[in-house]
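Coordinates as given in target_38.tsv (TSV, C-alpha atoms):
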chain	number	residue	atom	x	y	z
A	1	MET	CA	-27.33	21.58	6.47
A	2	ASP	CA	-27.58	24.90	4.66
A	3	ARG	CA	-25.27	23.53	1.96
A	4	ILE	CA	-27.60	20.57	1.48
A	5	LEU	CA	-30.67	22.81	1.15
A	6	ARG	CA	-28.87	25.11	-1.30
A	7	GLY	CA	-27.87	22.06	-3.28
A	8	ILE	CA	-31.50	20.94	-3.44
A	9	MET	CA	-32.47	24.30	-4.87
A	10	ARG	CA	-29.73	24.09	-7.52
A	11	TYR	CA	-30.98	20.60	-8.34
A	12	ARG	CA	-34.52	21.91	-8.78
A	13	GLU	CA	-33.29	24.64	-11.09
A	14	SER	CA	-30.93	22.69	-13.32
A	15	VAL	CA	-31.11	18.91	-12.86
A	16	LYS	CA	-34.57	17.80	-11.69
A	17	GLU	CA	-36.37	17.95	-15.02
A	18	GLY	CA	-33.80	15.81	-16.79
A	19	MET	CA	-33.63	13.30	-13.95
A	20	VAL	CA	-37.41	12.88	-13.86
A	21	LYS	CA	-37.35	12.05	-17.57
A	22	GLN	CA	-34.73	9.36	-16.89
A	23	PHE	CA	-36.79	7.98	-14.00
A	24	VAL	CA	-39.77	7.66	-16.34
A	25	GLN	CA	-37.65	5.84	-18.92
A	26	VAL	CA	-36.48	3.15	-16.47
A	27	ARG	CA	-39.67	2.94	-14.37
A	28	ASP	CA	-41.30	0.02	-16.18
A	29	ASN	CA	-38.18	-1.73	-17.42
A	30	PRO	CA	-35.19	-1.11	-15.17
A	31	GLU	CA	-32.14	-3.12	-16.13
A	32	PRO	CA	-29.48	-2.62	-13.42
A	33	LYS	CA	-26.19	-4.23	-14.40
A	34	ALA	CA	-24.43	-4.54	-11.05
A	35	VAL	CA	-24.70	-4.70	-7.28
A	36	PHE	CA	-21.95	-2.36	-6.14
A	37	PHE	CA	-20.58	-2.61	-2.59
A	38	THR	CA	-18.37	0.30	-1.61
A	39	CYS	CA	-17.28	2.41	1.34
A	40	MET	CA	-19.35	5.22	2.85
A	41	ASP	CA	-16.35	7.56	2.61
A	42	SER	CA	-17.54	10.94	1.34
A	43	ARG	CA	-14.76	10.98	-1.26
A	44	MET	CA	-16.13	7.86	-2.96
A	45	LEU	CA	-18.44	8.82	-5.83
A	46	PRO	CA	-18.91	5.56	-7.74
A	47	THR	CA	-21.43	6.85	-10.27
A	48	ARG	CA	-18.88	9.47	-11.31
A	49	PHE	CA	-15.81	7.30	-11.71
A	50	THR	CA	-17.81	4.52	-13.42
A	51	GLN	CA	-19.88	7.00	-15.43
A	52	THR	CA	-23.05	5.07	-14.62
A	53	ASN	CA	-26.49	6.59	-14.55
A	54	ILE	CA	-30.00	6.21	-13.17
A	55	GLY	CA	-31.05	2.57	-13.11
A	56	ASP	CA	-27.56	1.15	-13.77
A	57	MET	CA	-26.48	-0.11	-10.34
A	58	PHE	CA	-27.71	-1.06	-6.89
A	59	THR	CA	-25.23	0.62	-4.52
A	60	VAL	CA	-24.60	-0.54	-0.95
A	61	ARG	CA	-22.31	1.50	1.27
A	62	ASN	CA	-20.86	0.93	4.72
A	63	ALA	CA	-17.66	1.54	6.69
A	64	GLY	CA	-14.95	-0.42	4.88
A	65	ASN	CA	-17.09	-1.96	2.11
A	66	LEU	CA	-17.50	-5.10	4.22
A	67	VAL	CA	-19.86	-7.97	3.49
A	68	PRO	CA	-20.20	-10.09	6.64
A	69	ASN	CA	-19.58	-13.80	6.13
A	70	ALA	CA	-22.68	-15.96	6.50
A	71	ARG	CA	-21.05	-17.96	9.29
A	72	PHE	CA	-21.57	-15.00	11.65
A	73	PHE	CA	-25.34	-15.46	11.59
A	74	VAL	CA	-27.76	-18.17	12.68
A	75	ALA	CA	-29.99	-16.97	9.85
A	76	GLU	CA	-29.04	-15.03	6.75
A	77	ASN	CA	-31.76	-12.42	7.20
A	78	THR	CA	-30.16	-10.33	9.92
A	79	THR	CA	-28.14	-7.70	8.07
A	80	THR	CA	-28.37	-5.33	5.12
A	81	GLU	CA	-25.68	-6.77	2.88
A	82	PRO	CA	-27.22	-10.21	2.14
A	83	ALA	CA	-30.61	-8.54	1.76
A	84	ALA	CA	-29.08	-6.35	-0.94
A	85	LEU	CA	-27.57	-9.41	-2.63
A	86	GLU	CA	-30.96	-11.13	-2.67
A	87	LEU	CA	-32.71	-8.04	-4.00
A	88	GLY	CA	-30.10	-7.65	-6.71
A	89	CYS	CA	-29.15	-11.17	-7.77
A	90	VAL	CA	-32.21	-13.26	-6.87
A	91	ILE	CA	-35.11	-10.90	-7.44
A	92	ASN	CA	-33.64	-8.67	-10.17
A	93	HIS	CA	-31.28	-11.25	-11.73
A	94	ILE	CA	-28.29	-8.91	-11.72
A	95	ARG	CA	-25.26	-10.76	-13.05
A	96	HIS	CA	-22.35	-8.79	-11.65
A	97	VAL	CA	-21.45	-8.12	-8.02
A	98	ILE	CA	-18.63	-5.63	-7.48
A	99	VAL	CA	-16.74	-4.79	-4.31
A	100	CYS	CA	-14.87	-1.50	-4.53
A	101	GLY	CA	-12.36	-0.35	-1.95
A	102	HIS	CA	-10.13	2.70	-1.97
A	103	SER	CA	-6.90	4.25	-0.79
A	104	ASP	CA	-6.65	6.08	2.54
A	105	CYS	CA	-9.74	4.27	3.80
A	106	LYS	CA	-10.37	5.41	7.37
A	107	ALA	CA	-12.04	2.11	8.21
A	108	MET	CA	-9.06	0.12	6.88
A	109	ASN	CA	-6.63	2.43	8.69
A	110	LEU	CA	-8.50	1.67	11.90
A	111	LEU	CA	-8.66	-2.05	11.12
A	112	TYR	CA	-4.89	-2.12	10.78
A	113	GLN	CA	-4.61	-0.69	14.29
A	114	MET	CA	-6.66	-3.65	15.51
A	115	LYS	CA	-3.41	-5.62	15.48
A	116	ASP	CA	-2.94	-4.09	18.94
A	117	GLN	CA	-4.82	-6.35	21.37
A	118	GLU	CA	-5.66	-3.56	23.79
A	119	PHE	CA	-6.97	-1.37	20.98
A	120	SER	CA	-9.20	-4.21	19.77
A	121	SER	CA	-10.23	-5.43	23.23
A	122	LEU	CA	-13.82	-6.47	23.88
A	123	GLU	CA	-14.28	-3.46	26.12
A	124	ASN	CA	-13.25	-1.12	23.32
A	125	GLN	CA	-15.48	-2.98	20.89
A	126	ILE	CA	-18.44	-2.43	23.20
A	127	LEU	CA	-17.64	1.27	23.50
A	128	SER	CA	-17.12	1.70	19.75
A	129	PRO	CA	-19.60	0.25	17.24
A	130	LEU	CA	-17.05	0.91	14.49
A	131	ARG	CA	-14.35	-1.11	16.24
A	132	GLY	CA	-16.88	-3.87	16.88
A	133	TRP	CA	-17.93	-3.89	13.21
A	134	LEU	CA	-14.33	-4.06	12.03
A	135	CYS	CA	-13.26	-6.68	14.57
A	136	ASN	CA	-16.21	-8.92	13.72
A	137	HIS	CA	-16.03	-8.64	9.95
A	138	GLY	CA	-12.52	-7.50	9.09
A	139	THR	CA	-10.35	-9.97	10.98
A	140	HIS	CA	-9.95	-12.38	8.05
A	141	SER	CA	-8.59	-9.54	5.91
A	142	LEU	CA	-6.21	-8.57	8.70
A	143	ALA	CA	-5.06	-12.17	9.13
A	144	LYS	CA	-4.30	-12.49	5.42
A	145	LEU	CA	-2.29	-9.28	5.51
A	146	ALA	CA	-0.34	-10.61	8.50
A	147	THR	CA	0.59	-13.64	6.41
A	148	LEU	CA	2.01	-11.34	3.74
A	149	GLU	CA	3.89	-9.28	6.31
A	150	GLU	CA	5.53	-12.47	7.59
A	151	GLU	CA	6.25	-14.14	4.25
A	152	GLY	CA	6.82	-11.09	2.08
A	153	PHE	CA	4.63	-9.40	-0.49
A	154	HIS	CA	6.19	-11.39	-3.34
A	155	HIS	CA	4.19	-14.36	-1.99
A	156	PRO	CA	0.63	-14.82	-3.26
A	157	LEU	CA	-2.57	-15.12	-1.28
A	158	LEU	CA	-5.29	-17.66	-2.05
A	159	PHE	CA	-8.97	-16.69	-2.08
A	160	GLU	CA	-12.18	-18.57	-2.78
A	161	GLY	CA	-14.15	-17.25	-5.71
A	162	GLU	CA	-17.67	-18.06	-6.84
A	163	THR	CA	-17.42	-21.55	-5.29
A	164	PRO	CA	-15.04	-23.10	-2.73
A	165	MET	CA	-13.46	-25.06	-5.58
A	166	ARG	CA	-12.97	-21.98	-7.76
A	167	LYS	CA	-10.00	-20.47	-5.99
A	168	PHE	CA	-7.83	-17.68	-7.31
A	169	VAL	CA	-4.35	-16.40	-6.56
A	170	ALA	CA	-3.65	-12.76	-5.77
A	171	TYR	CA	-0.40	-10.81	-5.54
A	172	ILE	CA	-1.01	-7.69	-3.47
A	173	ASP	CA	0.84	-4.58	-4.63
A	174	PRO	CA	3.91	-6.51	-5.84
A	175	ASP	CA	5.54	-3.26	-6.99
A	176	ASP	CA	5.19	-1.81	-3.47
A	177	ASP	CA	3.43	1.35	-4.65
A	178	PHE	CA	1.05	1.69	-1.72
A	179	SER	CA	1.07	1.98	2.06
A	180	ILE	CA	0.50	-1.04	4.29
A	181	GLU	CA	-3.03	0.19	5.05
A	182	ASP	CA	-3.77	0.45	1.32
A	183	LYS	CA	-2.46	-3.08	0.86
A	184	LEU	CA	-4.91	-4.15	3.57
A	185	SER	CA	-7.68	-2.36	1.68
A	186	GLN	CA	-6.90	-4.39	-1.44
A	187	VAL	CA	-6.81	-7.64	0.53
A	188	ASN	CA	-10.11	-6.68	2.10
A	189	CYS	CA	-11.78	-6.21	-1.29
A	190	LEU	CA	-10.88	-9.74	-2.31
A	191	GLN	CA	-11.94	-11.19	1.04
A	192	GLN	CA	-15.42	-9.77	0.52
A	193	LEU	CA	-15.81	-11.80	-2.68
A	194	GLN	CA	-15.26	-14.92	-0.61
A	195	ASN	CA	-17.76	-13.66	1.96
A	196	ILE	CA	-20.41	-13.00	-0.68
A	197	ALA	CA	-20.11	-16.58	-1.89
A	198	SER	CA	-20.72	-17.87	1.66
A	199	TYR	CA	-24.47	-17.23	1.50
A	200	GLY	CA	-26.61	-20.24	0.70
A	201	PHE	CA	-28.96	-18.37	-1.60
A	202	MET	CA	-25.99	-17.19	-3.69
A	203	ARG	CA	-24.33	-20.59	-4.16
A	204	GLU	CA	-26.42	-21.92	-7.04
A	205	ILE	CA	-26.44	-18.53	-8.76
A	206	LEU	CA	-22.66	-18.27	-8.61
A	207	ALA	CA	-21.94	-21.94	-9.35
A	208	SER	CA	-24.12	-21.87	-12.47
A	209	GLY	CA	-22.57	-18.68	-13.80
A	210	LYS	CA	-25.74	-16.64	-13.40
A	211	ALA	CA	-23.73	-14.08	-11.43
A	212	HIS	CA	-20.04	-13.17	-11.21
A	213	LEU	CA	-17.83	-11.51	-8.61
A	214	HIS	CA	-15.46	-8.62	-9.28
A	215	ALA	CA	-13.18	-6.32	-7.29
A	216	LEU	CA	-12.29	-2.70	-8.01
A	217	TRP	CA	-9.97	-0.40	-6.09
A	218	PHE	CA	-9.93	3.39	-6.36
A	219	ASP	CA	-6.82	5.44	-5.66
A	220	ILE	CA	-8.32	8.65	-4.34
A	221	TYR	CA	-5.23	10.79	-4.75
A	222	THR	CA	-4.48	9.90	-8.38
A	223	GLY	CA	-8.02	9.14	-9.57
A	224	ASP	CA	-6.82	5.81	-10.98
A	225	ILE	CA	-9.13	2.78	-10.81
A	226	TYR	CA	-7.82	-0.77	-10.57
A	227	TYR	CA	-9.62	-3.96	-11.60
A	228	PHE	CA	-8.59	-7.28	-10.10
A	229	SER	CA	-7.61	-9.50	-13.01
A	230	ARG	CA	-7.64	-13.19	-12.18
A	231	GLN	CA	-5.52	-13.79	-15.28
A	232	LYS	CA	-2.88	-11.29	-14.14
A	233	LYS	CA	-3.40	-12.30	-10.48
A	234	ARG	CA	-3.26	-8.68	-9.36
A	235	PHE	CA	-5.06	-5.34	-9.40
A	236	VAL	CA	-4.50	-3.76	-12.82
A	237	ASP	CA	-4.76	-0.04	-13.49
A	238	VAL	CA	-7.64	0.47	-15.94
A	239	ASN	CA	-6.20	2.71	-18.65
A	240	GLU	CA	-5.86	3.06	-22.40
A	241	THR	CA	-3.33	0.21	-22.53
A	242	SER	CA	-5.00	-2.29	-20.23
A	243	PHE	CA	-8.63	-1.67	-21.20
A	244	ALA	CA	-8.83	-4.04	-24.19
A	245	PRO	CA	-7.16	-7.05	-22.48
A	246	LEU	CA	-9.30	-6.56	-19.36
A	247	LEU	CA	-12.45	-6.34	-21.45
A	248	ASP	CA	-11.47	-9.52	-23.28
A	249	GLU	CA	-11.01	-11.28	-19.95
A	250	ILE	CA	-14.40	-10.13	-18.69
A	251	LEU	CA	-16.21	-11.08	-21.90
A	252	LYS	CA	-14.53	-14.49	-21.96
A	253	TYR	CA	-15.08	-15.50	-18.36
A	254	TYR	CA	-17.80	-13.30	-16.86
A	255	SER	CA	-20.51	-12.72	-19.47

Once you've parsed the file, please lay out its structure as structure tokens.
Amino acid sequence: MDRILRGIMRYRESVKEGMVKQFVQVRDNPEPKAVFFTCMDSRMLPTRFTQTNIGDMFTVRNAGNLVPNARFFVAENTTTEPAALELGCVINHIRHVIVCGHSDCKAMNLLYQMKDQEFSSLENQILSPLRGWLCNHGTHSLAKLATLEEEGFHHPLLFEGETPMRKFVAYIDPDDDFSIEDKLSQVNCLQQLQNIASYGFMREILASGKAHLHALWFDIYTGDIYYFSRQKKRFVDVNETSFAPLLDEILKYYS
């Protein structure tokens, strides 16, 4: 806690004045551009690697960047994630929803271990809120990965996009650059897009093109960021070569 307090003092000395000026600028006319779902991992600093600033994004963080599917609830008002979607997309008319996963995700590493029935038993779920969270809301991601493990990673997966009819194909790490847990993390990102679209209050917004769904994936150990391109059907490293084609895709289909 001493590090936190010392950090507050450094903030007061060098950052506070400038931040307050930015708060004043966006106070009466905030224009956030995205709802950003990501993991609570301390290594994930989305405002740094997206170079966004005050007022640019609504950020929602949890273990594993999961968005529970609406089918888990009698009503859609029982958890944080749909409340954040409503605040962002319904009330503030934000047009882009992003799910961002990452490499070496401790939640995804644990989810992969859930393949073991004893490890994921109901008793263990009761003893561990984290295991319960992952078992309840990560099983579809795990099932899709199991399909790839059986059929081979050269086979594509099929996901629902903004509507059940707007499906997209995804090849997960076809060059076999990442560990099996990282592959699961990428699958999980795309599964959350399908989960977001399951909420009734999001259906008209997504179907009419008032909001769009995107997936990012951050490789912690290289600093590289990948965008899921529906044209390329895979996660594409965002770099000097790929930037222009990716931007063209986004402007053509998601603006």

Write out as a tab-separated table the residues of segment 84-128 of chain A that have any atom within 12 Å of an atom of segment 168-189 of chain A, one row each with the nearest atom pair and its distance in Å to one decimal, counting only C-alpha atoms, sorted by chain and then rising number.
residue	atom	partner	partner_atom	distance
A:Val97	CA	A:Cys189	CA	11.9
A:Ile98	CA	A:Cys189	CA	9.3
A:Val99	CA	A:Cys189	CA	6.0
A:Cys100	CA	A:Cys189	CA	6.5
A:Gly101	CA	A:Cys189	CA	5.9
A:His102	CA	A:Ser185	CA	6.7
A:Ser103	CA	A:Asp182	CA	5.4
A:Asp104	CA	A:Asp182	CA	6.4
A:Cys105	CA	A:Ser185	CA	7.3
A:Lys106	CA	A:Glu181	CA	9.3
A:Ala107	CA	A:Ser185	CA	9.0
A:Met108	CA	A:Ser185	CA	5.9
A:Asn109	CA	A:Glu181	CA	5.6
A:Leu110	CA	A:Glu181	CA	8.9
A:Leu111	CA	A:Glu181	CA	8.6
A:Tyr112	CA	A:Glu181	CA	6.5
A:Gln113	CA	A:Glu181	CA	9.4
A:Met114	CA	A:Glu181	CA	11.7
A:Lys115	CA	A:Glu181	CA	11.9

Let me see the file: selected residues, C-alpha atoms, as a PDB file, in the frame of the given file.
ATOM      1  CA  VAL A  97     -21.450  -8.120  -8.020  1.00  0.00           C
ATOM      2  CA  ILE A  98     -18.630  -5.630  -7.480  1.00  0.00           C
ATOM      3  CA  VAL A  99     -16.740  -4.790  -4.310  1.00  0.00           C
ATOM      4  CA  CYS A 100     -14.870  -1.500  -4.530  1.00  0.00           C
ATOM      5  CA  GLY A 101     -12.360  -0.350  -1.950  1.00  0.00           C
ATOM      6  CA  HIS A 102     -10.130   2.700  -1.970  1.00  0.00           C
ATOM      7  CA  SER A 103      -6.900   4.250  -0.790  1.00  0.00           C
ATOM      8  CA  ASP A 104      -6.650   6.080   2.540  1.00  0.00           C
ATOM      9  CA  CYS A 105      -9.740   4.270   3.800  1.00  0.00           C
ATOM     10  CA  LYS A 106     -10.370   5.410   7.370  1.00  0.00           C
ATOM     11  CA  ALA A 107     -12.040   2.110   8.210  1.00  0.00           C
ATOM     12  CA  MET A 108      -9.060   0.120   6.880  1.00  0.00           C
ATOM     13  CA  ASN A 109      -6.630   2.430   8.690  1.00  0.00           C
ATOM     14  CA  LEU A 110      -8.500   1.670  11.900  1.00  0.00           C
ATOM     15  CA  LEU A 111      -8.660  -2.050  11.120  1.00  0.00           C
ATOM     16  CA  TYR A 112      -4.890  -2.120  10.780  1.00  0.00           C
ATOM     17  CA  GLN A 113      -4.610  -0.690  14.290  1.00  0.00           C
ATOM     18  CA  MET A 114      -6.660  -3.650  15.510  1.00  0.00           C
ATOM     19  CA  LYS A 115      -3.410  -5.620  15.480  1.00  0.00           C
TER      20      LYS A 115
END

So that all listed atoms of segment 236-249 of chain A fit with 4 Å spare on each side, what axis-aligned box centre and edge lengths in Å, to one decimal, would you give as AutoDock Vina command-line options?
--center_x -7.9 --center_y -4.1 --center_z -18.5 --size_x 17.1 --size_y 22.3 --size_z 19.4

Could you make a table, as a tab-separated table, of the residues of segment 54-93 of chain A that have an atom within 8 Å of an atom of segment 125-139 of chain A, each with its nearest atom pair and distance in Å to one decimal, counting all atoms listed in the file, in chain and number order?
residue	atom	partner	partner_atom	distance
A:Ala63	CA	A:Leu130	CA	7.8
A:Leu66	CA	A:His137	CA	6.9
A:Val67	CA	A:His137	CA	7.5
A:Pro68	CA	A:His137	CA	5.5
A:Asn69	CA	A:His137	CA	7.3

Atom pair atom CA of Ser255 of chain A + atom CA of Gly55 of chain A, distance 19.6 Å

Check: Mind listing as a PyMOL selection string all residues within 12 Å of (-9.1, -20.0, -6.9), counting only C-alpha atoms?
Finding: chain A and resi 156-170+190+193-194+230-231+233

Review point. Which residues come within 9 Å of His93 of chain A, counting all atoms listed in the file, excluding same-chain residues fewer than 5 positions away, as JSON, numbers by chain?
Key: {"A": [32, 87, 88, 210, 211]}
